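File shown here: run_39.cif, holding mmCIF, C-alpha atoms.
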data_input
#
loop_
_atom_site.label_atom_id
_atom_site.label_comp_id
_atom_site.auth_asym_id
_atom_site.auth_seq_id
_atom_site.Cartn_x
_atom_site.Cartn_y
_atom_site.Cartn_z
CA MET Y 1 134.80 118.19 282.92
CA PRO Y 2 133.32 118.27 279.44
CA ASN Y 3 130.99 121.24 279.24
CA ASP Y 4 129.11 120.03 276.17
CA ARG Y 5 127.43 116.82 277.33
CA SER Y 6 126.16 114.97 280.40
CA SER Y 7 125.54 111.33 281.26
CA TRP Y 8 121.94 112.24 282.07
CA ASP Y 9 121.24 114.86 279.41
CA LEU Y 10 122.11 114.05 275.81
CA ASN Y 11 121.23 117.63 274.82
CA TRP Y 12 123.22 119.32 277.58
CA THR Y 13 124.57 122.23 275.52
CA VAL Y 14 121.13 123.08 274.12
CA ASN Y 15 119.39 122.68 277.48
CA TYR Y 16 122.12 124.66 279.24
CA GLY Y 17 121.71 127.44 276.71
CA GLY Y 18 125.15 127.25 275.08
CA PHE Y 19 128.71 126.13 275.71
CA ASP Y 20 129.80 126.75 279.31
CA THR Y 21 133.20 128.14 278.45
CA PRO Y 22 135.88 127.67 281.09
CA GLU Y 23 137.85 130.66 279.74
CA ILE Y 24 137.91 133.24 282.52
CA ALA Y 25 138.00 136.12 280.02
CA ASN Y 26 134.62 134.95 278.67
CA ARG Y 27 132.92 134.75 282.07
CA SER Y 28 131.42 137.29 284.47
CA ASN Y 29 129.75 136.74 287.85
CA TYR Y 30 130.23 132.97 287.49
CA ILE Y 31 128.43 132.65 284.14
CA PRO Y 32 129.39 132.90 280.47
CA VAL Y 33 129.09 136.46 279.13
CA ALA Y 34 127.54 135.21 275.87
CA PHE Y 35 124.27 133.91 277.39
CA VAL Y 36 122.31 133.38 280.61
CA PRO Y 37 122.38 129.67 281.53
CA ARG Y 38 119.09 127.80 281.57
CA GLN Y 39 120.60 125.23 283.96
CA ASN Y 40 122.39 125.90 287.23
CA PRO Y 41 125.99 126.94 286.37
CA PHE Y 42 127.09 125.51 289.72
CA TYR Y 43 127.34 121.82 288.84
CA VAL Y 44 129.61 118.84 289.43
CA ALA Y 45 130.33 115.34 288.18
CA LEU Y 46 130.81 112.43 290.56
CA PRO Y 47 132.01 108.97 289.45
CA TYR Y 48 128.70 107.16 289.68
CA ASN Y 49 125.62 106.82 287.48
CA ASP Y 50 122.58 105.21 289.09
CA VAL Y 51 121.03 104.40 285.69
CA THR Y 52 122.32 102.27 282.82
CA TYR Y 53 120.43 101.37 279.65
CA GLY Y 54 117.28 102.98 281.08
CA GLN Y 55 117.25 100.90 284.27
CA PHE Y 56 118.55 101.44 287.77
CA LYS Y 57 121.75 99.63 288.62
CA PRO Y 58 121.08 96.79 291.09
CA GLU Y 59 122.93 98.48 293.94
CA ALA Y 60 121.27 101.90 293.47
CA PRO Y 61 118.33 101.38 295.89
CA LEU Y 62 120.74 99.96 298.47
CA VAL Y 63 123.53 102.56 298.38
CA ILE Y 64 121.80 105.88 297.58
CA PRO Y 65 120.54 107.26 300.92
CA TRP Y 66 117.69 109.30 299.40
CA PHE Y 67 116.62 106.69 296.81
CA LYS Y 68 113.19 105.81 298.26
CA GLU Y 69 112.14 109.38 298.98
CA THR Y 70 113.10 110.72 295.53
CA TYR Y 71 112.22 107.77 293.27
CA ARG Y 72 110.14 109.06 290.32
CA GLY Y 73 109.98 106.02 288.08
CA ASP Y 74 112.13 103.43 286.40
CA GLY Y 75 115.24 104.82 284.80
CA GLN Y 76 114.80 108.40 286.08
CA SER Y 77 117.98 109.23 287.97
CA VAL Y 78 117.66 110.07 291.64
CA CYS Y 79 121.23 111.43 291.64
CA LYS Y 80 120.82 114.10 288.95
CA ASP Y 81 120.27 117.56 290.44
CA HIS Y 82 121.10 116.44 294.01
CA TRP Y 83 122.99 119.13 295.94
CA ILE Y 84 126.49 118.89 297.35
CA ALA Y 85 128.64 121.27 299.36
CA ILE Y 86 132.25 121.59 298.19
CA ARG Y 87 134.82 123.11 300.53
CA LYS Y 88 138.24 124.55 299.79
CA GLY Y 89 139.88 126.05 302.86
CA ASN Y 90 137.33 128.27 304.63
CA ARG Y 91 135.13 128.76 301.54
CA THR Y 92 132.14 126.54 300.69
CA CYS Y 93 130.29 126.37 297.38
CA TYR Y 94 127.01 124.58 296.68
CA ALA Y 95 126.36 122.78 293.41
CA GLN Y 96 124.02 120.30 291.75
CA TRP Y 97 125.14 116.88 290.54
CA GLU Y 98 124.69 117.05 286.76
CA ASP Y 99 127.15 114.53 285.29
CA CYS Y 100 129.16 111.42 285.99
CA GLY Y 101 132.93 111.21 286.17
CA PRO Y 102 135.79 111.81 286.11
CA PHE Y 103 136.47 108.75 283.99
CA ARG Y 104 134.15 106.38 285.89
CA THR Y 105 130.43 105.87 286.38
CA ASP Y 106 130.52 102.87 288.72
CA HIS Y 107 132.36 103.90 291.88
CA PHE Y 108 129.50 103.94 294.38
CA GLN Y 109 131.92 102.79 297.09
CA TYR Y 110 133.59 106.21 296.89
CA VAL Y 111 130.52 108.37 296.20
CA PHE Y 112 128.35 106.83 298.93
CA GLY Y 113 130.95 105.06 301.06
CA ASN Y 114 134.41 105.42 302.50
CA GLU Y 115 136.68 104.39 299.61
CA ARG Y 116 139.21 106.78 298.15
CA PRO Y 117 138.80 107.76 294.48
CA LYS Y 118 140.33 105.27 292.04
CA PRO Y 119 143.48 106.25 290.16
CA ASN Y 120 142.74 108.16 286.95
CA ALA Y 121 144.34 110.59 284.51
CA ASN Y 122 143.42 113.51 286.83
CA TYR Y 123 145.61 112.33 289.71
CA ALA Y 124 142.82 110.28 291.31
CA ALA Y 125 140.33 113.17 291.22
CA GLY Y 126 137.07 112.29 292.92
CA LEU Y 127 134.93 114.95 291.29
CA ASP Y 128 134.92 117.42 288.42
CA VAL Y 129 133.55 120.90 288.94
CA SER Y 130 132.00 123.47 286.63
CA PRO Y 131 133.74 126.73 285.79
CA ALA Y 132 131.40 128.54 288.22
CA VAL Y 133 132.42 126.27 291.11
CA ARG Y 134 136.07 126.63 290.12
CA ASP Y 135 135.79 130.42 290.06
CA TYR Y 136 133.86 130.68 293.32
CA LEU Y 137 136.36 128.53 295.21
CA GLY Y 138 139.41 129.89 293.40
CA LEU Y 139 140.52 126.40 292.37
CA GLN Y 140 143.59 125.55 290.35
CA PRO Y 141 143.29 123.08 287.41
CA ILE Y 142 144.16 120.25 289.83
CA ASP Y 143 143.27 121.07 293.43
CA VAL Y 144 142.17 119.46 296.68
CA THR Y 145 138.66 119.93 298.08
CA ASP Y 146 136.30 118.01 300.27
CA TRP Y 147 132.60 117.59 299.65
CA GLN Y 148 129.42 116.16 301.11
CA PHE Y 149 125.81 115.66 300.08
CA VAL Y 150 123.32 118.20 301.40
CA THR Y 151 119.57 118.63 301.17
CA VAL Y 152 117.89 121.60 299.55
CA LEU Y 153 117.11 122.90 303.04
CA ASP Y 154 120.87 123.01 303.77
CA VAL Y 155 121.69 125.23 300.78
CA PRO Y 156 122.25 128.81 301.97
CA PRO Y 157 121.77 131.95 299.88
CA GLY Y 158 124.45 132.44 297.25
CA PRO Y 159 125.02 132.66 293.50
CA TRP Y 160 124.09 128.94 293.14
CA ARG Y 161 120.44 129.93 293.73
CA ARG Y 162 120.20 132.38 290.80
CA TYR Y 163 119.97 130.36 287.59
CA GLY Y 164 118.52 127.23 286.08
CA ASP Y 165 115.31 125.50 285.16
CA ASN Y 166 116.65 122.58 287.22
CA ASN Y 167 117.21 124.75 290.30
CA PRO Y 168 114.50 124.47 292.99
CA PHE Y 169 115.20 128.02 294.20
CA VAL Y 170 114.57 129.44 290.73
CA LYS Y 171 111.41 127.34 290.39
CA ALA Y 172 110.11 128.59 293.76
CA ARG Y 173 110.86 132.22 292.85
CA GLU Y 174 109.03 131.80 289.51
CA GLN Y 175 105.98 130.30 291.26
CA VAL Y 176 105.83 133.28 293.62
CA GLU Y 177 106.12 135.68 290.68
CA VAL Y 178 103.28 133.89 288.84
CA ARG Y 179 101.07 134.06 291.93
CA LEU Y 180 101.83 137.77 292.38
CA THR Y 181 101.08 138.48 288.73
CA LYS Y 182 97.77 136.61 288.94
CA HIS Y 183 96.89 138.45 292.15
CA GLN Y 184 97.70 141.84 290.59
CA LYS Y 185 95.60 141.06 287.50
CA ALA Y 186 92.61 139.73 289.46
CA PRO Y 187 89.54 141.94 289.09
CA THR Y 188 88.61 143.88 292.20
CA GLU Y 189 85.14 143.80 293.53
#

I need this file expressed as structure tokens, please.
Amino acid sequence: MPNDRSSWDLNWTVNYGGFDTPEIANRSNYIPVAFVPRQNPFYVALPYNDVTYGQFKPEAPLVIPWFKETYRGDGQSVCKDHWIAIRKGNRTCYAQWEDCGPFRTDHFQYVFGNERPKPNANYAAGLDVSPAVRDYLGLQPIDVTDWQFVTVLDVPPGPWRRYGDNNPFVKAREQVEVRLTKHQKAPTE
């Protein structure tokens, strides 16, 4: 998957904190050695985009199971940042949906239904994964996995909880730290 742009974030590289190099020699503990990512390094692309030209696609409210509960306003994707579990053998990795592809942005029948991925240049791949997901699962350049959507409550502890302004676990940890700092600085009576 391209590591320099996203269907939902035109400034992906800047917002991520740099180029998410896939080169194993330039990575350590699932992240690039050159910088600490400002977005979750555990991310995927699925072949559907719920928004086009700033508006929801007509089928979006009908096919996205969590649409009503996560709707934030016209044109604000309800797919971006949603969690999925990806399994390879007996190992499972958790990642956030950050881009659309491979090669398609309209295949809701696969993403939310029972269709197989459409033929494409990646041997009918149904998702693209980040270098962190690849490394965690030990994936080959073309490999077979299965995946499913999960809620935040279903995401267990793991390296996918460590980084990212878009990561609810990081946000929660920062809120606790702010509260503790305020409590420690509060004058005593």

Quiz item: Contacts of Pro58 (chain Y) at 12 Å or less, counting all atoms listed in the file, minus same-chain residues fewer than 5 places along, as a ChimeraX atom specification?
Solution: /Y:49-52,63-64,75,106,108

Exercise. Report as a ChimeraX atom specification the residues that result from applying the PyMOL selection byres ((chain Y and resi 130-135) around 9) to the structure here.
Key: /Y:1-3,20-24,27,29-31,41-45,86,93-95,128-129,136-141,160

Quiz item: Nearest to Phe103 (chain Y): which of Y:Arg162, Y:Lys118, Y:Arg91, Y:Lys171 is it, counting only C-alpha atoms?
Solution: Y:Lys118

Exercise. Calculate how many Å separate CA of Asp9 (chain Y) from CA of Trp97 (chain Y), rounding to one decimal.
Key: 12.0 Å

Exercise. Considering all atoms listed in the file, return as a PyMOL selection string whatever protein or nucleic-acid residues lie within 12 Å of region 14-16 of chain Y, sequence-local ones (same chain, fewer than 2 positions apart) excluded.
Key: chain Y and resi 3-6+8-12+18-21+31-32+35-43+98+163-166

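All polymer residues at most 9 Å from (119.1, 120.2, 298.6), using all atoms listed in the file, appear as Asp81, His82, Trp83, Ile84, Gln96, Phe149, Val150, Thr151, Val152, Leu153, Asp154, Val155 and Pro168 of chain Y.
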
Quiz item: Between CA of His107 (chain Y) and CA of Tyr123 (chain Y), what is the spacing in Å?
Solution: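 According to the coordinates, CA of Tyr123 (chain Y) and CA of His107 (chain Y) are separated by 15.9 Å.
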
Quiz item: Can you list what the PyMOL selection byres ((chain Y and resi 47) around 6) grabs from this structure, as a PyMOL selection string?
Solution: chain Y and resi 46+48+100-102+104-105+107

Quiz item: For Glu59 (chain Y), which residue among Y:Gln109, Y:Tyr71, Y:Gly89, Y:Ala124 is the nearest when counting all atoms listed in the file?
Solution: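 Result for the nearest residue to Glu59 (chain Y): Y:Gln109.
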
Practice problem: Take CA of Gly54 (chain Y) and CA of Val78 (chain Y) and report the distance between them in Å, one decimal. | Solution: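 About the pair CA of Gly54 (chain Y) and CA of Val78 (chain Y): they are 12.7 Å apart.
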
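Nearest residue to Trp147 (chain Y) among Y:Arg87, Y:Arg161, Y:Arg116, Y:Arg72 is Y:Arg87, counting all atoms listed in the file.
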
Practice problem: Rank Y:Gly126, Y:Pro65, Y:Gly17, Y:Gly158 by their smallest atom-to-atom distance to Ile142 (chain Y), using all atoms listed in the file, and report the top residue only. | Solution: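 Using all atoms listed in the file, the shortest distance to Ile142 (chain Y) belongs to Y:Gly126.
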